[in-house]
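Undergrad: Submitted below is the structure of interest, expressed as structure tokens.
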Amino acid sequence: MNRLGTSGPMEPDSSLGWRFPLRRVGFGESGQLLRESIAPYRAAPLRLTGLFLLLWVPILVLVFVQALGPFLIEMASAVAFTGYTAALDAAARSEPPDFRHLAVVARFDRDKLILLMLTGLLPILFAVLVLYGVCGWQETARFLDALSSTDGRPSPRLMLDFQVGEYVAAMPFTFVAPVWALYRWSGSRSMAANLLACAVNWRWVLVMTGFMALADNLLIWLRGQGDDLAVLSDLGVIATQMLSLAWTLALAKRSFPSGR
């Protein structure tokens, strides 16, 4: 499989069929992963920060869509941050990241794009079902109303149950963004590669999910300490998301050695 320069995704190797030459990435490679995660931001800090904000701010505006806001945010994030992953890969290869890399998602066929959006939608739907099973429909509806309101304050207890459900349901989709961004595979083959990568590197999936859960809860707590810390909380959200995307990309590239 050869890189296609600015075009982003890589051509599939038909000789592989449905087999993927995956390797398990050990914890002993953490130092190398950290360096590879930071490398894109060292190469193009302003461009990558600007591109991230260009995607992040419009996604946040979706919260104003009553009732459907949280669901639209998750689907839009899955698509937008797949494009951002392509930009990260370009920067890691010393290529200036720009809108061409974000537009990689526009070249997906319909089935692959729908499957990508579903990877963002299914975890939040699962979390809603968890709430429904725990506390019933009325409390779940009130929670969703508060979640989709800019001035709403969801119940901390329900928020914890909701987050646990969403984190658990999102674990099988950990490698979706880099696989979709880097390889010109069909939607079904891309999903198979993602699931296999999650199975092979399940320890990293657990660690990354735990890190994001702790970071999110810490930042939510920080925001609740007063308006003075709200900006710091938002900056923490941005930094955590950017690092998570870069780390997942570095991990995927090590897990698929033949595509490097």
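Naming scheme: A, B, ... for chains in displayed order of the structure tokens; residues 1 onward per chain; ligands 1 onward as shown.
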Which polymer residues have any atom within 12 Å of an atom of Leu222 of chain A, counting only C-alpha atoms, with same-chain residues fewer than 4 positions away left out, as a ChimeraX atom specification?
TA: /A:215-218,226-237
Undergrad: Using only C-alpha atoms, find each residue in segment 35-81 of chain A having at least one atom no more than 8 Å away from segment 243-252 of chain A; report its shortest atom-to-atom pair and that distance in Å (one decimal), rows by chain then rising number, as a Markdown table.
TA:
```
| residue | atom | partner | partner_atom | distance |
| --- | --- | --- | --- | --- |
| A:Glu36 | CA | A:Ala250 | CA | 6.0 |
| A:Ser37 | CA | A:Ala246 | CA | 4.8 |
| A:Ile38 | CA | A:Ala246 | CA | 7.4 |
| A:Pro40 | CA | A:Ala246 | CA | 7.8 |
| A:Phe81 | CA | A:Leu245 | CA | 7.8 |
```
Undergrad: Residues within 10 Å of Ala67 of chain A, please, as a list in words. Count only C-alpha atoms; anything in the same chain fewer than 2 positions from it doesn't count.
TA: Val63, Phe64, Val65, Gly69, Pro70, Phe71, Leu72, Ala141, Leu144, Asp145, Ala146, Leu147, Ser148 and Ser149 of chain A
Undergrad: Counting only C-alpha atoms, which residues in segment 44-99 of chain A sit no more than 12 Å from segment 111-117 of chain A? For each one, give the nearest pair of atoms and the distance in Å, sorted by chain then residue number, as CSV.
TA:
```
residue,atom,partner,partner_atom,distance
A:Phe71,CA,A:Met117,CA,10.2
A:Leu72,CA,A:Met117,CA,9.3
A:Ile73,CA,A:Met117,CA,10.3
A:Glu74,CA,A:Met117,CA,8.0
A:Met75,CA,A:Met117,CA,4.8
A:Ala76,CA,A:Met117,CA,7.2
A:Ser77,CA,A:Met117,CA,8.5
A:Ala78,CA,A:Met117,CA,6.0
A:Val79,CA,A:Met117,CA,6.4
A:Ala80,CA,A:Met117,CA,10.0
A:Phe81,CA,A:Leu116,CA,10.8
A:Thr82,CA,A:Leu116,CA,8.9
A:Gly83,CA,A:Leu116,CA,11.5
```
Undergrad: Between A:Leu214, A:Met171, A:Ala177, A:Leu102, single out the one closest to Asn201 of chain A, counting only C-alpha atoms.
TA: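 For Asn201 of chain A, the nearest of the candidates is A:Met171.
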Undergrad: Run DSSP on the backbone and give me the residues of segment 7-106 of chain A it puts in helix (DSSP H, G or I), as number ranges by chain.
TA: A: 7, 14-16, 27-43, 45-64, 69-92, 99-106
Undergrad: Point out the residue among A:Tyr132, A:Tyr183, A:Tyr84, A:Trp137 with the least atom-to-atom distance to Lys253 of chain A, counting only C-alpha atoms.
TA: A:Tyr183
Undergrad: What does the structure give for the distance between atom CA of Met208 of chain A and atom CA of Thr174 of chain A, in Å to one decimal?
TA: 8.9 Å
Undergrad: Could you check which of A:Leu219, A:Leu60, A:Ala43, A:Leu118 is closest to Val176 of chain A, using only C-alpha atoms?
TA: A:Leu118
Undergrad: So how many Å separate atom CA of Ala39 of chain A and atom CA of Ala90 of chain A, to one decimal?
TA: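 Result for atom CA of Ala39 of chain A versus atom CA of Ala90 of chain A: 11.0 Å, one decimal.
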Undergrad: With a distance cut-off of 10 Å and only C-alpha atoms, select the neighbouring residues of segment 20-26 of chain A, excluding the residue or stretch itself and same-chain residues fewer than 4 positions from it, and output the selection as an NGL selection string.
TA: :A and (13 or 16 or 30 or 33 or 189 or 192-193 or 196-204 or 251-259)
Undergrad: Filtering to N, CA and C atoms, could you give me those residues as an mmCIF file, in the first residue's frame?
TA:
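Saved as result.cif:
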```
data_model
loop_
_atom_site.group_PDB
_atom_site.id
_atom_site.type_symbol
_atom_site.label_atom_id
_atom_site.label_comp_id
_atom_site.auth_asym_id
_atom_site.auth_seq_id
_atom_site.Cartn_x
_atom_site.Cartn_y
_atom_site.Cartn_z
ATOM 1 N N ASP A 13 -4.702 -2.844 -0.642
ATOM 2 C CA ASP A 13 -3.924 -3.913 -1.254
ATOM 3 C C ASP A 13 -4.869 -5.098 -1.436
ATOM 4 N N LEU A 16 -4.602 -8.635 0.170
ATOM 5 C CA LEU A 16 -4.849 -8.900 1.582
ATOM 6 C C LEU A 16 -6.223 -9.511 1.816
ATOM 7 N N SER A 30 5.049 3.441 24.677
ATOM 8 C CA SER A 30 4.347 4.672 25.062
ATOM 9 C C SER A 30 5.153 5.920 24.737
ATOM 10 N N LEU A 33 4.972 6.570 21.087
ATOM 11 C CA LEU A 33 3.632 7.039 20.752
ATOM 12 C C LEU A 33 3.443 8.501 21.121
ATOM 13 N N ARG A 189 -15.235 -3.200 5.006
ATOM 14 C CA ARG A 189 -13.851 -3.611 5.252
ATOM 15 C C ARG A 189 -13.174 -2.664 6.248
ATOM 16 N N ALA A 192 -14.353 -3.716 9.616
ATOM 17 C CA ALA A 192 -13.680 -4.950 10.030
ATOM 18 C C ALA A 192 -12.265 -4.654 10.527
ATOM 19 N N ALA A 193 -11.554 -3.778 9.835
ATOM 20 C CA ALA A 193 -10.197 -3.415 10.251
ATOM 21 C C ALA A 193 -10.221 -2.700 11.601
ATOM 22 N N LEU A 196 -10.983 -5.273 14.391
ATOM 23 C CA LEU A 196 -9.843 -6.149 14.625
ATOM 24 C C LEU A 196 -8.733 -5.396 15.362
ATOM 25 N N ALA A 197 -8.511 -4.124 14.990
ATOM 26 C CA ALA A 197 -7.507 -3.317 15.684
ATOM 27 C C ALA A 197 -7.882 -3.130 17.150
ATOM 28 N N CYS A 198 -9.175 -2.940 17.426
ATOM 29 C CA CYS A 198 -9.631 -2.805 18.810
ATOM 30 C C CYS A 198 -9.394 -4.097 19.585
ATOM 31 N N ALA A 199 -9.649 -5.234 18.940
ATOM 32 C CA ALA A 199 -9.454 -6.520 19.609
ATOM 33 C C ALA A 199 -7.978 -6.784 19.896
ATOM 34 N N VAL A 200 -7.135 -6.485 18.920
ATOM 35 C CA VAL A 200 -5.701 -6.732 19.081
ATOM 36 C C VAL A 200 -5.102 -5.799 20.132
ATOM 37 N N ASN A 201 -5.570 -4.558 20.158
ATOM 38 C CA ASN A 201 -5.022 -3.557 21.083
ATOM 39 C C ASN A 201 -6.029 -3.192 22.168
ATOM 40 N N TRP A 202 -6.731 -4.201 22.695
ATOM 41 C CA TRP A 202 -7.796 -3.936 23.661
ATOM 42 C C TRP A 202 -7.279 -3.258 24.928
ATOM 43 N N ARG A 203 -6.025 -3.516 25.290
ATOM 44 C CA ARG A 203 -5.475 -2.862 26.484
ATOM 45 C C ARG A 203 -5.403 -1.351 26.283
ATOM 46 N N TRP A 204 -4.962 -0.939 25.095
ATOM 47 C CA TRP A 204 -4.899 0.486 24.807
ATOM 48 C C TRP A 204 -6.298 1.085 24.728
ATOM 49 N N LEU A 251 -1.201 5.360 17.210
ATOM 50 C CA LEU A 251 -1.411 3.967 17.585
ATOM 51 C C LEU A 251 -1.868 3.131 16.391
ATOM 52 N N ALA A 252 -2.753 3.684 15.575
ATOM 53 C CA ALA A 252 -3.239 2.972 14.396
ATOM 54 C C ALA A 252 -2.112 2.730 13.395
ATOM 55 N N LYS A 253 -1.263 3.708 13.187
ATOM 56 C CA LYS A 253 -0.171 3.561 12.222
ATOM 57 C C LYS A 253 0.847 2.520 12.687
ATOM 58 N N ARG A 254 1.004 2.372 14.006
ATOM 59 C CA ARG A 254 1.878 1.321 14.527
ATOM 60 C C ARG A 254 1.199 -0.047 14.474
ATOM 61 N N SER A 255 -0.110 -0.041 14.575
ATOM 62 C CA SER A 255 -0.843 -1.305 14.570
ATOM 63 C C SER A 255 -0.979 -1.869 13.149
ATOM 64 N N PHE A 256 -0.981 -0.966 12.147
ATOM 65 C CA PHE A 256 -1.035 -1.389 10.744
ATOM 66 C C PHE A 256 0.324 -1.109 10.100
ATOM 67 N N PRO A 257 1.367 -1.858 10.444
ATOM 68 C CA PRO A 257 2.727 -1.533 9.994
ATOM 69 C C PRO A 257 2.894 -1.542 8.484
ATOM 70 N N SER A 258 2.116 -2.348 7.758
ATOM 71 C CA SER A 258 2.291 -2.419 6.311
ATOM 72 C C SER A 258 1.829 -1.157 5.623
ATOM 73 N N GLY A 259 1.000 -0.332 6.367
ATOM 74 C CA GLY A 259 0.486 0.880 5.739
ATOM 75 C C GLY A 259 1.335 2.084 6.031
#
```
Undergrad: My list of candidates is A:Val57, A:Cys135, A:Ala170, A:Pro178. Which is closest to Leu158 of chain A when distances are computed with only C-alpha atoms?
TA: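 Once distances to Leu158 of chain A are computed over only C-alpha atoms, the minimum belongs to A:Cys135.
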Undergrad: May I have the residues within 12 Å of Pro156 of chain A as an MDAnalysis selection string, using only C-alpha atoms and disregarding those fewer than 3 positions away in the same chain?
TA: chainID A and resid 143 146:147 152:153 159:163 217 220:221 224
Undergrad: Would you pick out the contacts of Ala86 of chain A at 7 Å or less, using only C-alpha atoms, so that residues sharing its chain but fewer than 6 positions from it are not included, and give the list as a VMD selection string?
TA: chain A and resid 8 101 to 102 181 to 182
Undergrad: Could you jot down the atom CA of Ala127 of chain A to atom CA of Val105 of chain A separation for me, Å, one decimal place?
TA: 26.4 Å
Undergrad: Determine, counting only C-alpha atoms, which protein, DNA and RNA residues have an atom within 9 Å of an atom of segment 106-108 of chain A; residues of the same chain fewer than 5 positions away are not included. Present the result as a list in words.
TA: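 Near segment 106-108 of chain A, the qualifying residues are Leu113, Trp180, Arg184, Ser186 and Gly187 of chain A.
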Undergrad: The selected residues should be written to file as an mmCIF file, in the first residue's frame (atoms: all heavy atoms).
TA:
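In the end it all went to out26.cif:
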```cif
data_model
loop_
_atom_site.group_PDB
_atom_site.id
_atom_site.type_symbol
_atom_site.label_atom_id
_atom_site.label_comp_id
_atom_site.auth_asym_id
_atom_site.auth_seq_id
_atom_site.Cartn_x
_atom_site.Cartn_y
_atom_site.Cartn_z
ATOM 1 N N LEU A 113 -19.896 6.712 4.302
ATOM 2 C CA LEU A 113 -20.173 7.920 5.064
ATOM 3 C C LEU A 113 -21.283 7.675 6.093
ATOM 4 O O LEU A 113 -21.188 8.134 7.244
ATOM 5 C CB LEU A 113 -20.581 9.055 4.117
ATOM 6 C CG LEU A 113 -20.811 10.429 4.749
ATOM 7 C CD1 LEU A 113 -19.551 10.924 5.446
ATOM 8 C CD2 LEU A 113 -21.250 11.436 3.686
ATOM 9 N N TRP A 180 -10.695 5.180 8.581
ATOM 10 C CA TRP A 180 -11.474 5.852 7.534
ATOM 11 C C TRP A 180 -10.619 6.910 6.817
ATOM 12 O O TRP A 180 -10.743 7.097 5.613
ATOM 13 C CB TRP A 180 -12.700 6.514 8.147
ATOM 14 C CG TRP A 180 -13.997 5.806 7.946
ATOM 15 C CD1 TRP A 180 -15.048 6.206 7.171
ATOM 16 C CD2 TRP A 180 -14.418 4.562 8.530
ATOM 17 N NE1 TRP A 180 -16.091 5.307 7.246
ATOM 18 C CE2 TRP A 180 -15.723 4.278 8.076
ATOM 19 C CE3 TRP A 180 -13.813 3.650 9.402
ATOM 20 C CZ2 TRP A 180 -16.435 3.145 8.455
ATOM 21 C CZ3 TRP A 180 -14.503 2.527 9.793
ATOM 22 C CH2 TRP A 180 -15.793 2.286 9.313
ATOM 23 N N ARG A 184 -8.420 3.609 1.595
ATOM 24 C CA ARG A 184 -9.546 3.631 0.658
ATOM 25 C C ARG A 184 -10.200 2.251 0.608
ATOM 26 O O ARG A 184 -10.272 1.610 -0.440
ATOM 27 C CB ARG A 184 -9.059 4.067 -0.723
ATOM 28 C CG ARG A 184 -8.828 5.557 -0.818
ATOM 29 C CD ARG A 184 -8.398 5.940 -2.214
ATOM 30 N NE ARG A 184 -8.284 7.380 -2.354
ATOM 31 C CZ ARG A 184 -7.637 7.976 -3.340
ATOM 32 N NH1 ARG A 184 -7.064 7.245 -4.282
ATOM 33 N NH2 ARG A 184 -7.573 9.290 -3.403
ATOM 34 N N SER A 186 -13.650 -0.196 1.506
ATOM 35 C CA SER A 186 -15.103 -0.069 1.596
ATOM 36 C C SER A 186 -15.502 0.128 3.052
ATOM 37 O O SER A 186 -14.703 -0.110 3.974
ATOM 38 C CB SER A 186 -15.763 -1.329 1.040
ATOM 39 O OG SER A 186 -15.468 -2.449 1.861
ATOM 40 N N GLY A 187 -16.751 0.537 3.268
ATOM 41 C CA GLY A 187 -17.212 0.747 4.628
ATOM 42 C C GLY A 187 -17.149 -0.520 5.462
ATOM 43 O O GLY A 187 -16.688 -0.491 6.616
#
```
Undergrad: Here is a test: counting only C-alpha atoms, which residue of A:Ala169, A:Ala239, A:Leu55, A:Met212 is nearest to Leu125 of chain A?
TA: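 Ranking A:Ala169, A:Ala239, A:Leu55, A:Met212 by distance to Leu125 of chain A, first place goes to A:Ala169.
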